[in-house]
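Peer 1: Supplied structure: protein-v9.pdb, PDB, C-alpha atoms.
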ATOM      1  CA  MET H   1     -89.541 -49.328  46.374
ATOM      2  CA  GLU H   2     -87.611 -52.498  47.087
ATOM      3  CA  LYS H   3     -85.176 -52.567  50.016
ATOM      4  CA  THR H   4     -82.224 -54.931  50.095
ATOM      5  CA  ILE H   5     -78.694 -55.290  51.464
ATOM      6  CA  LEU H   6     -75.823 -54.145  49.278
ATOM      7  CA  PRO H   7     -73.544 -57.013  48.140
ATOM      8  CA  PRO H   8     -70.110 -57.021  49.778
ATOM      9  CA  CYS H   9     -67.275 -55.132  48.129
ATOM     10  CA  PRO H  10     -64.754 -57.405  46.368
ATOM     11  CA  SER H  11     -61.300 -57.557  47.911
ATOM     12  CA  LEU H  12     -58.550 -55.419  46.393
ATOM     13  CA  ASP H  13     -55.230 -56.752  45.172
ATOM     14  CA  ALA H  14     -52.064 -55.088  46.437
ATOM     15  CA  ASP H  15     -51.393 -53.099  43.257
ATOM     16  CA  THR H  16     -54.920 -51.684  43.126
ATOM     17  CA  GLU H  17     -54.870 -50.664  46.778
ATOM     18  CA  ALA H  18     -51.469 -49.018  46.327
ATOM     19  CA  LYS H  19     -52.793 -46.999  43.384
ATOM     20  CA  LEU H  20     -55.858 -45.973  45.368
ATOM     21  CA  ARG H  21     -53.625 -44.852  48.234
ATOM     22  CA  ARG H  22     -51.568 -42.810  45.776
ATOM     23  CA  TYR H  23     -54.765 -41.297  44.389
ATOM     24  CA  GLY H  24     -55.785 -40.284  47.909
ATOM     25  CA  ALA H  25     -52.421 -38.649  48.552
ATOM     26  CA  LEU H  26     -52.590 -36.696  45.282
ATOM     27  CA  LEU H  27     -56.167 -35.654  45.992
ATOM     28  CA  LEU H  28     -55.205 -34.218  49.376
ATOM     29  CA  GLU H  29     -52.145 -32.531  47.888
ATOM     30  CA  THR H  30     -54.265 -30.929  45.165
ATOM     31  CA  ASN H  31     -56.926 -30.014  47.711
ATOM     32  CA  GLU H  32     -54.554 -27.458  49.205
ATOM     33  CA  ARG H  33     -54.870 -25.442  45.982
ATOM     34  CA  VAL H  34     -58.315 -26.388  44.671
ATOM     35  CA  ARG H  35     -61.102 -27.481  46.996
ATOM     36  CA  LEU H  36     -62.058 -30.978  45.819
ATOM     37  CA  VAL H  37     -62.944 -32.875  48.990
ATOM     38  CA  GLY H  38     -63.751 -32.168  52.628
ATOM     39  CA  PRO H  39     -61.247 -34.317  54.568
ATOM     40  CA  ARG H  40     -57.724 -33.068  55.105
ATOM     41  CA  ASP H  41     -56.107 -36.291  56.311
ATOM     42  CA  GLU H  42     -55.512 -39.617  54.560
ATOM     43  CA  THR H  43     -57.232 -41.792  57.159
ATOM     44  CA  THR H  44     -60.547 -39.929  56.969
ATOM     45  CA  LEU H  45     -60.374 -39.718  53.195
ATOM     46  CA  TRP H  46     -59.820 -43.467  52.907
ATOM     47  CA  ASN H  47     -62.305 -44.626  55.541
ATOM     48  CA  GLU H  48     -65.186 -42.273  54.777
ATOM     49  CA  HIS H  49     -64.815 -41.514  51.082
ATOM     50  CA  ILE H  50     -62.669 -43.938  49.084
ATOM     51  CA  ALA H  51     -63.958 -46.981  50.977
ATOM     52  CA  ASP H  52     -67.493 -45.697  50.505
ATOM     53  CA  CYS H  53     -67.013 -45.374  46.733
ATOM     54  CA  LEU H  54     -65.770 -48.965  46.586
ATOM     55  CA  ARG H  55     -69.256 -50.110  47.599
ATOM     56  CA  LEU H  56     -70.376 -49.278  44.052
ATOM     57  CA  LEU H  57     -68.173 -51.981  42.543
ATOM     58  CA  PRO H  58     -70.744 -54.839  42.747
ATOM     59  CA  LEU H  59     -73.240 -52.655  40.842
ATOM     60  CA  LEU H  60     -71.032 -51.875  37.837
ATOM     61  CA  PRO H  61     -71.691 -53.586  34.485
ATOM     62  CA  PRO H  62     -69.516 -56.463  33.246
ATOM     63  CA  SER H  63     -68.460 -54.344  30.256
ATOM     64  CA  GLY H  64     -69.104 -50.989  28.599
ATOM     65  CA  SER H  65     -68.834 -47.365  29.677
ATOM     66  CA  VAL H  66     -69.633 -45.532  32.906
ATOM     67  CA  ILE H  67     -70.190 -41.826  33.546
ATOM     68  CA  ASP H  68     -69.718 -40.124  36.916
ATOM     69  CA  VAL H  69     -71.818 -36.939  37.046
ATOM     70  CA  GLY H  70     -70.567 -34.164  39.336
ATOM     71  CA  THR H  71     -67.310 -36.003  39.900
ATOM     72  CA  GLY H  72     -65.475 -33.202  41.735
ATOM     73  CA  GLY H  73     -62.182 -34.760  42.762
ATOM     74  CA  GLY H  74     -63.024 -38.115  41.183
ATOM     75  CA  LEU H  75     -65.242 -39.583  43.867
ATOM     76  CA  PRO H  76     -66.489 -42.090  42.866
ATOM     77  CA  GLY H  77     -65.407 -42.166  39.194
ATOM     78  CA  ALA H  78     -61.623 -42.158  39.564
ATOM     79  CA  VAL H  79     -61.786 -44.739  42.365
ATOM     80  CA  LEU H  80     -63.908 -47.051  40.216
ATOM     81  CA  ALA H  81     -61.690 -46.538  37.159
ATOM     82  CA  ILE H  82     -58.648 -47.637  39.131
ATOM     83  CA  CYS H  83     -60.465 -50.785  40.268
ATOM     84  CA  ARG H  84     -62.052 -51.614  36.899
ATOM     85  CA  PRO H  85     -59.502 -50.986  34.118
ATOM     86  CA  ASP H  86     -61.698 -53.065  31.796
ATOM     87  CA  LEU H  87     -64.410 -50.370  31.804
ATOM     88  CA  SER H  88     -64.306 -46.920  30.195
ATOM     89  CA  PHE H  89     -65.063 -43.988  32.520
ATOM     90  CA  THR H  90     -66.103 -40.394  31.843
ATOM     91  CA  LEU H  91     -65.627 -38.064  34.826
ATOM     92  CA  LEU H  92     -67.985 -35.115  34.314
ATOM     93  CA  ASP H  93     -68.115 -31.830  36.211
ATOM     94  CA  SER H  94     -69.270 -28.338  35.279
ATOM     95  CA  LEU H  95     -66.492 -26.459  37.128
ATOM     96  CA  SER H  96     -63.294 -26.071  35.131
ATOM     97  CA  ARG H  97     -61.098 -25.532  38.188
ATOM     98  CA  LYS H  98     -62.140 -28.989  39.397
ATOM     99  CA  THR H  99     -61.810 -30.756  36.051
ATOM    100  CA  ASN H 100     -58.394 -29.178  35.435
ATOM    101  CA  ALA H 101     -57.171 -30.364  38.831
ATOM    102  CA  LEU H 102     -58.661 -33.822  38.376
ATOM    103  CA  SER H 103     -57.137 -34.120  34.895
ATOM    104  CA  ASP H 104     -53.702 -33.601  36.452
ATOM    105  CA  ILE H 105     -54.353 -36.355  38.996
ATOM    106  CA  VAL H 106     -55.599 -38.764  36.322
ATOM    107  CA  SER H 107     -52.558 -37.986  34.194
ATOM    108  CA  GLN H 108     -50.078 -38.479  37.044
ATOM    109  CA  LEU H 109     -51.639 -41.829  37.942
ATOM    110  CA  LYS H 110     -51.866 -42.885  34.282
ATOM    111  CA  ILE H 111     -55.516 -43.911  34.593
ATOM    112  CA  ALA H 112     -55.816 -44.738  30.902
ATOM    113  CA  ASN H 113     -59.473 -45.767  31.021
ATOM    114  CA  ALA H 114     -60.715 -42.419  32.397
ATOM    115  CA  ARG H 115     -61.326 -39.119  30.634
ATOM    116  CA  VAL H 116     -62.253 -35.873  32.401
ATOM    117  CA  VAL H 117     -64.873 -33.601  30.808
ATOM    118  CA  CYS H 118     -65.963 -30.102  31.816
ATOM    119  CA  ALA H 119     -69.659 -29.630  30.942
ATOM    120  CA  ARG H 120     -73.131 -29.367  32.397
ATOM    121  CA  SER H 121     -74.770 -32.775  32.473
ATOM    122  CA  GLU H 122     -77.787 -31.460  30.532
ATOM    123  CA  ASP H 123     -75.584 -30.177  27.698
ATOM    124  CA  PHE H 124     -73.445 -33.308  27.674
ATOM    125  CA  ALA H 125     -76.507 -35.556  27.577
ATOM    126  CA  ALA H 126     -77.880 -33.678  24.582
ATOM    127  CA  GLU H 127     -74.717 -34.553  22.628
ATOM    128  CA  HIS H 128     -74.141 -38.067  24.022
ATOM    129  CA  ARG H 129     -77.689 -39.232  24.510
ATOM    130  CA  GLU H 130     -78.128 -42.711  25.981
ATOM    131  CA  SER H 131     -74.559 -43.711  25.154
ATOM    132  CA  PHE H 132     -73.466 -45.113  28.546
ATOM    133  CA  SER H 133     -73.936 -48.513  30.147
ATOM    134  CA  CYS H 134     -74.093 -47.037  33.639
ATOM    135  CA  ALA H 135     -74.222 -43.640  35.365
ATOM    136  CA  VAL H 136     -73.150 -42.992  38.944
ATOM    137  CA  VAL H 137     -73.405 -39.997  41.233
ATOM    138  CA  ARG H 138     -72.486 -39.252  44.828
ATOM    139  CA  ALA H 139     -75.002 -37.221  46.855
ATOM    140  CA  VAL H 140     -75.467 -34.143  44.659
ATOM    141  CA  ALA H 141     -79.254 -33.675  44.820
ATOM    142  CA  GLU H 142     -82.506 -35.326  45.799
ATOM    143  CA  ALA H 143     -83.479 -38.587  44.123
ATOM    144  CA  GLY H 144     -85.909 -37.245  41.516
ATOM    145  CA  ILE H 145     -83.460 -34.612  40.302
ATOM    146  CA  ILE H 146     -80.617 -37.136  40.135
ATOM    147  CA  ALA H 147     -82.760 -39.436  38.000
ATOM    148  CA  GLU H 148     -83.510 -36.615  35.554
ATOM    149  CA  TYR H 149     -79.800 -35.879  35.198
ATOM    150  CA  LEU H 150     -78.759 -39.495  34.705
ATOM    151  CA  SER H 151     -81.521 -41.151  32.680
ATOM    152  CA  PRO H 152     -80.827 -39.288  29.387
ATOM    153  CA  LEU H 153     -77.214 -40.495  29.574
ATOM    154  CA  VAL H 154     -77.876 -44.231  29.974
ATOM    155  CA  ALA H 155     -78.886 -46.647  27.236
ATOM    156  CA  PRO H 156     -81.916 -48.910  27.745
ATOM    157  CA  GLY H 157     -80.742 -52.031  29.546
ATOM    158  CA  GLY H 158     -78.264 -49.975  31.570
ATOM    159  CA  ARG H 159     -78.245 -48.899  35.202
ATOM    160  CA  LEU H 160     -78.228 -45.741  37.324
ATOM    161  CA  ALA H 161     -76.699 -45.691  40.816
ATOM    162  CA  ALA H 162     -76.797 -42.848  43.330
ATOM    163  CA  MET H 163     -74.911 -42.819  46.620
ATOM    164  CA  LYS H 164     -77.179 -41.266  49.246
ATOM    165  CA  GLY H 165     -77.554 -40.803  52.986
ATOM    166  CA  SER H 166     -79.689 -42.993  55.218
ATOM    167  CA  SER H 167     -82.650 -40.558  55.048
ATOM    168  CA  VAL H 168     -83.189 -41.131  51.319
ATOM    169  CA  ALA H 169     -86.412 -43.115  51.880
ATOM    170  CA  GLU H 170     -88.153 -39.839  52.709
ATOM    171  CA  GLU H 171     -87.359 -38.525  49.212
ATOM    172  CA  LEU H 172     -88.908 -41.550  47.520
ATOM    173  CA  ALA H 173     -92.402 -41.472  49.018
ATOM    174  CA  GLU H 174     -93.988 -39.116  46.473
ATOM    175  CA  LEU H 175     -92.108 -40.688  43.552
ATOM    176  CA  GLU H 176     -93.347 -44.248  43.886
ATOM    177  CA  GLY H 177     -94.908 -45.420  40.625
ATOM    178  CA  ARG H 178     -93.644 -42.405  38.657
ATOM    179  CA  TRP H 179     -90.157 -43.471  37.574
ATOM    180  CA  GLY H 180     -91.448 -44.893  34.295
ATOM    181  CA  ARG H 181     -91.824 -41.363  32.975
ATOM    182  CA  LEU H 182     -88.010 -41.239  32.737
ATOM    183  CA  GLY H 183     -87.742 -44.748  31.287
ATOM    184  CA  LEU H 184     -86.732 -46.193  34.639
ATOM    185  CA  SER H 185     -87.726 -49.097  36.842
ATOM    186  CA  GLU H 186     -88.884 -48.523  40.391
ATOM    187  CA  ALA H 187     -85.945 -47.601  42.605
ATOM    188  CA  THR H 188     -84.140 -50.258  44.630
ATOM    189  CA  LEU H 189     -82.761 -49.036  47.930
ATOM    190  CA  TYR H 190     -79.557 -50.819  48.962
ATOM    191  CA  GLU H 191     -78.571 -50.396  52.604
ATOM    192  CA  TYR H 192     -75.106 -50.886  54.086
ATOM    193  CA  GLU H 193     -72.899 -49.958  57.020
ATOM    194  CA  LEU H 194     -69.896 -47.670  56.718
ATOM    195  CA  ASN H 195     -67.712 -47.301  59.801
ATOM    196  CA  GLY H 196     -70.656 -47.971  62.072
ATOM    197  CA  HIS H 197     -73.017 -45.584  60.288
ATOM    198  CA  SER H 198     -75.983 -46.482  58.093
ATOM    199  CA  SER H 199     -75.758 -45.479  54.458
ATOM    200  CA  ALA H 200     -77.692 -46.168  51.286
ATOM    201  CA  MET H 201     -77.484 -46.588  47.538
ATOM    202  CA  LEU H 202     -80.343 -45.979  45.089
ATOM    203  CA  VAL H 203     -80.373 -48.047  41.903
ATOM    204  CA  TRP H 204     -82.635 -47.904  38.852
ATOM    205  CA  GLU H 205     -82.635 -50.096  35.772
ATOM    206  CA  LYS H 206     -83.084 -48.287  32.448
ATOM    207  CA  THR H 207     -86.102 -50.123  31.071
ATOM    208  CA  ALA H 208     -87.049 -47.848  28.132
ATOM    209  CA  PRO H 209     -85.746 -44.822  26.210
ATOM    210  CA  CYS H 210     -85.880 -41.537  28.104
ATOM    211  CA  PRO H 211     -88.566 -39.218  26.643
ATOM    212  CA  PRO H 212     -87.199 -36.568  24.255
ATOM    213  CA  GLU H 213     -88.178 -33.674  26.541
ATOM    214  CA  PHE H 214     -85.357 -34.714  28.861
ATOM    215  CA  PRO H 215     -82.832 -33.357  29.510
ATOM    216  CA  ARG H 216     -84.426 -29.981  30.029
ATOM    217  CA  ARG H 217     -82.313 -26.843  29.808
ATOM    218  CA  PRO H 218     -79.679 -26.324  32.536
ATOM    219  CA  GLY H 219     -81.102 -25.458  35.940
ATOM    220  CA  ARG H 220     -84.676 -26.452  35.107
ATOM    221  CA  ALA H 221     -84.566 -29.732  37.050
ATOM    222  CA  GLU H 222     -84.131 -27.934  40.379
ATOM    223  CA  LYS H 223     -86.650 -25.174  39.651
ATOM    224  CA  LYS H 224     -89.523 -27.297  38.354
ATOM    225  CA  ASN H 225     -89.590 -30.920  39.451
ATOM    226  CA  TRP H 226     -90.791 -33.277  36.725
ATOM    227  CA  TRP H 227     -92.901 -35.325  39.165
ATOM    228  CA  ARG H 228     -94.917 -32.430  40.587
TER     229      ARG H 228
END
Just give me the structure as structure tokens.
Peer 2:
Amino acid sequence: MEKTILPPCPSLDADTEAKLRRYGALLLETNERVRLVGPRDETTLWNEHIADCLRLLPLLPPSGSVIDVGTGGGLPGAVLAICRPDLSFTLLDSLSRKTNALSDIVSQLKIANARVVCARSEDFAAEHRESFSCAVVRAVAEAGIIAEYLSPLVAPGGRLAAMKGSSVAEELAELEGRWGRLGLSEATLYEYELNGHSSAMLVWEKTAPCPPEFPRRPGRAEKKNWWR
């Protein structure tokens, strides 16, 4: 595992920041009806969630399509779509109450480069195998499980990025040297500070096609780890 410092986030122009602020307001408004995010005030949402998602921007591809798996209220996918209108984004979640609510937000903000899809990632990957340039996820599972979800979605030459907590290094110990089974490079651990707290990003390059046995059927990744 290689450790390095995450590149700085590019500055936002006034129009982009205004749209992000509007997204945050709509997310909190919707959150009163459908639980999409933890914070209940705009300052916390911006400082701890939206600003955190912006740290993914230096890792996005110069062109192509990006999928956000387990998007919930659009963190990070909707945030990234607002900042990168030149990329195409798919915001994927398996809960219809969340995707319906997020679809309304995307529609109100006119985020033309984002589509919201309700599906399990395993089922979606079976139909859209290795069709994305990049896949992102924000702290939904341990590293090995995340990689199994994302690798079947990304084309060789693409990239996977997972936003994780500072303790992620503990998850990687038993996986060192095994990522090639999913068609991935060794993981790179990017470290950065967020409001005085240490955080981390895991990144893999897609170096080869994912083996045909992945994705496994829904729920199998958590019950039987591929690396054990």
Peer 1: With segment 6-26 of chain H as the partner and 12 Å as the cut-off, tabulate the residues of segment 187-227 of chain H that qualify, each row holding the nearest pair of atoms and their distance in Å to one decimal, using only C-alpha atoms, sorted by chain and rising number, as a tab-separated table.
Peer 2:
residue	atom	partner	partner_atom	distance
H:Thr188	CA	H:Leu6	CA	10.3
H:Leu189	CA	H:Leu6	CA	8.7
H:Tyr190	CA	H:Leu6	CA	5.0
H:Glu191	CA	H:Leu6	CA	5.7
H:Tyr192	CA	H:Leu6	CA	5.9
H:Glu193	CA	H:Leu6	CA	9.3
H:Leu194	CA	H:Leu6	CA	11.5
H:Ser198	CA	H:Leu6	CA	11.7
H:Ser199	CA	H:Leu6	CA	10.1
H:Ala200	CA	H:Leu6	CA	8.4
H:Met201	CA	H:Leu6	CA	7.9
H:Leu202	CA	H:Leu6	CA	10.2
H:Val203	CA	H:Leu6	CA	10.6
Peer 1: Translate the PyMOL selection byres ((chain H and resi 140-143) around 12), as applied to the file shown, into an explicit residue set as an MDAnalysis selection string.
Peer 2: chainID H and resid 68:72 75 93 136:139 144:151 160:165 167:176 179 186:189 200:204 221:222 225:227
Peer 1: One decimal, Å: what's the distance from atom CA of Leu56 of chain H over to atom CA of Cys83 of chain H, could you say?
Peer 2: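 Between atom CA of Leu56 of chain H and atom CA of Cys83 of chain H the gap works out to 10.7 Å.
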Peer 1: May I have the residues within 7 Å of segment 35-37 of chain H as a ChimeraX atom specification, using all atoms listed in the file and disregarding those fewer than 4 positions away in the same chain?
Peer 2: /H:31,72-73,98
Peer 1: How far is it from atom CA of Arg84 of chain H to atom CA of Pro156 of chain H, in Å with one decimal?
Peer 2: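 Here the two named atoms are 22.0 Å from each other.
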Peer 1: Applying 8 Å and all atoms listed in the file, which residues near Val66 of chain H remain after dropping the ones on its own chain fewer than 6 positions away? List them as JSON, numbers by chain.
Peer 2: {"H": [87, 88, 89, 90, 132, 133, 134, 135, 136]}
Peer 1: Report the distance between atom CA of Gly64 of chain H and atom CA of Asp86 of chain H in Å, rounded to one decimal place.
Peer 2: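 Between these atoms lies a distance of 8.3 Å.
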Peer 1: Using all atoms listed in the file, which of the listed residues (H:Lys110, H:His49, H:Lys224, H:Arg120) sits closest to Ile82 of chain H?
Peer 2: H:Lys110
Peer 1: Counting all atoms listed in the file, select every polymer residue within 7 Å of (-86.0, -38.3, 32.5) as defined in the file's coordinates, and provide the selection as a JSON list (two decimals) with C-alpha atoms, keeping the file's coordinate frame.
Peer 2:
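Written out: part27.json:
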[["chain", "number", "residue", "atom", "x", "y", "z"],
["H", 147, "ALA", "CA", -82.76, -39.44, 38.00],
["H", 148, "GLU", "CA", -83.51, -36.62, 35.55],
["H", 151, "SER", "CA", -81.52, -41.15, 32.68],
["H", 152, "PRO", "CA", -80.83, -39.29, 29.39],
["H", 181, "ARG", "CA", -91.82, -41.36, 32.98],
["H", 182, "LEU", "CA", -88.01, -41.24, 32.74],
["H", 183, "GLY", "CA", -87.74, -44.75, 31.29],
["H", 210, "CYS", "CA", -85.88, -41.54, 28.10],
["H", 211, "PRO", "CA", -88.57, -39.22, 26.64],
["H", 214, "PHE", "CA", -85.36, -34.71, 28.86],
["H", 215, "PRO", "CA", -82.83, -33.36, 29.51]]
Peer 1: Neighbouring residues of Ala126 of chain H were defined as those with any atom within 10 Å, considering only C-alpha atoms; residues of the same chain fewer than 2 positions away were excluded. Please report them as a list of chain:residue names.
Peer 2: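 With the cut-off at 10 Å, the set is H:Ser121, H:Glu122, H:Asp123, H:Phe124, H:His128, H:Arg129, H:Glu130, H:Pro152, H:Leu153, H:Pro212, H:Phe214, H:Pro215, H:Arg216, H:Arg217.
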Peer 1: Hey, which of H:Pro209, H:Gly38, H:Gly180, H:Pro76 ends up closest to Val154 of chain H? Count all atoms listed in the file.
Peer 2: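 Under the stated criterion, the closest residue is H:Pro209.
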Peer 1: Just the residues within 12 Å of Arg97 of chain H, please, counting only C-alpha atoms, with nothing from its chain fewer than 2 positions along; format it as a list of chain:residue names.
Peer 2: H:Thr30, H:Asn31, H:Arg33, H:Val34, H:Arg35, H:Leu36, H:Gly72, H:Gly73, H:Asp93, H:Ser94, H:Leu95, H:Thr99, H:Asn100, H:Ala101, H:Leu102, H:Ser103, H:Asp104, H:Val116, H:Val117, H:Cys118, H:Ala119
Peer 1: Write out as a ChimeraX atom specification each polymer residue whose atoms come within 9 Å of Gly157 of chain H, counting all atoms listed in the file; drop sequence neighbours fewer than 6 positions from it.
Peer 2: /H:133,205-208
Peer 1: Return the single residue from H:Leu92, H:Leu80, H:Arg159, H:Arg178 that is closest to Ala51 of chain H, with distances computed using only C-alpha atoms.
Peer 2: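 Between H:Leu92, H:Leu80, H:Arg159, H:Arg178, the residue approaching Ala51 of chain H most closely is H:Leu80.
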Peer 1: So, counting only C-alpha atoms, which residue among H:Gly196, H:Leu91, H:Gly158, H:Gly177 is closest to Ile67 of chain H?
Peer 2: H:Leu91
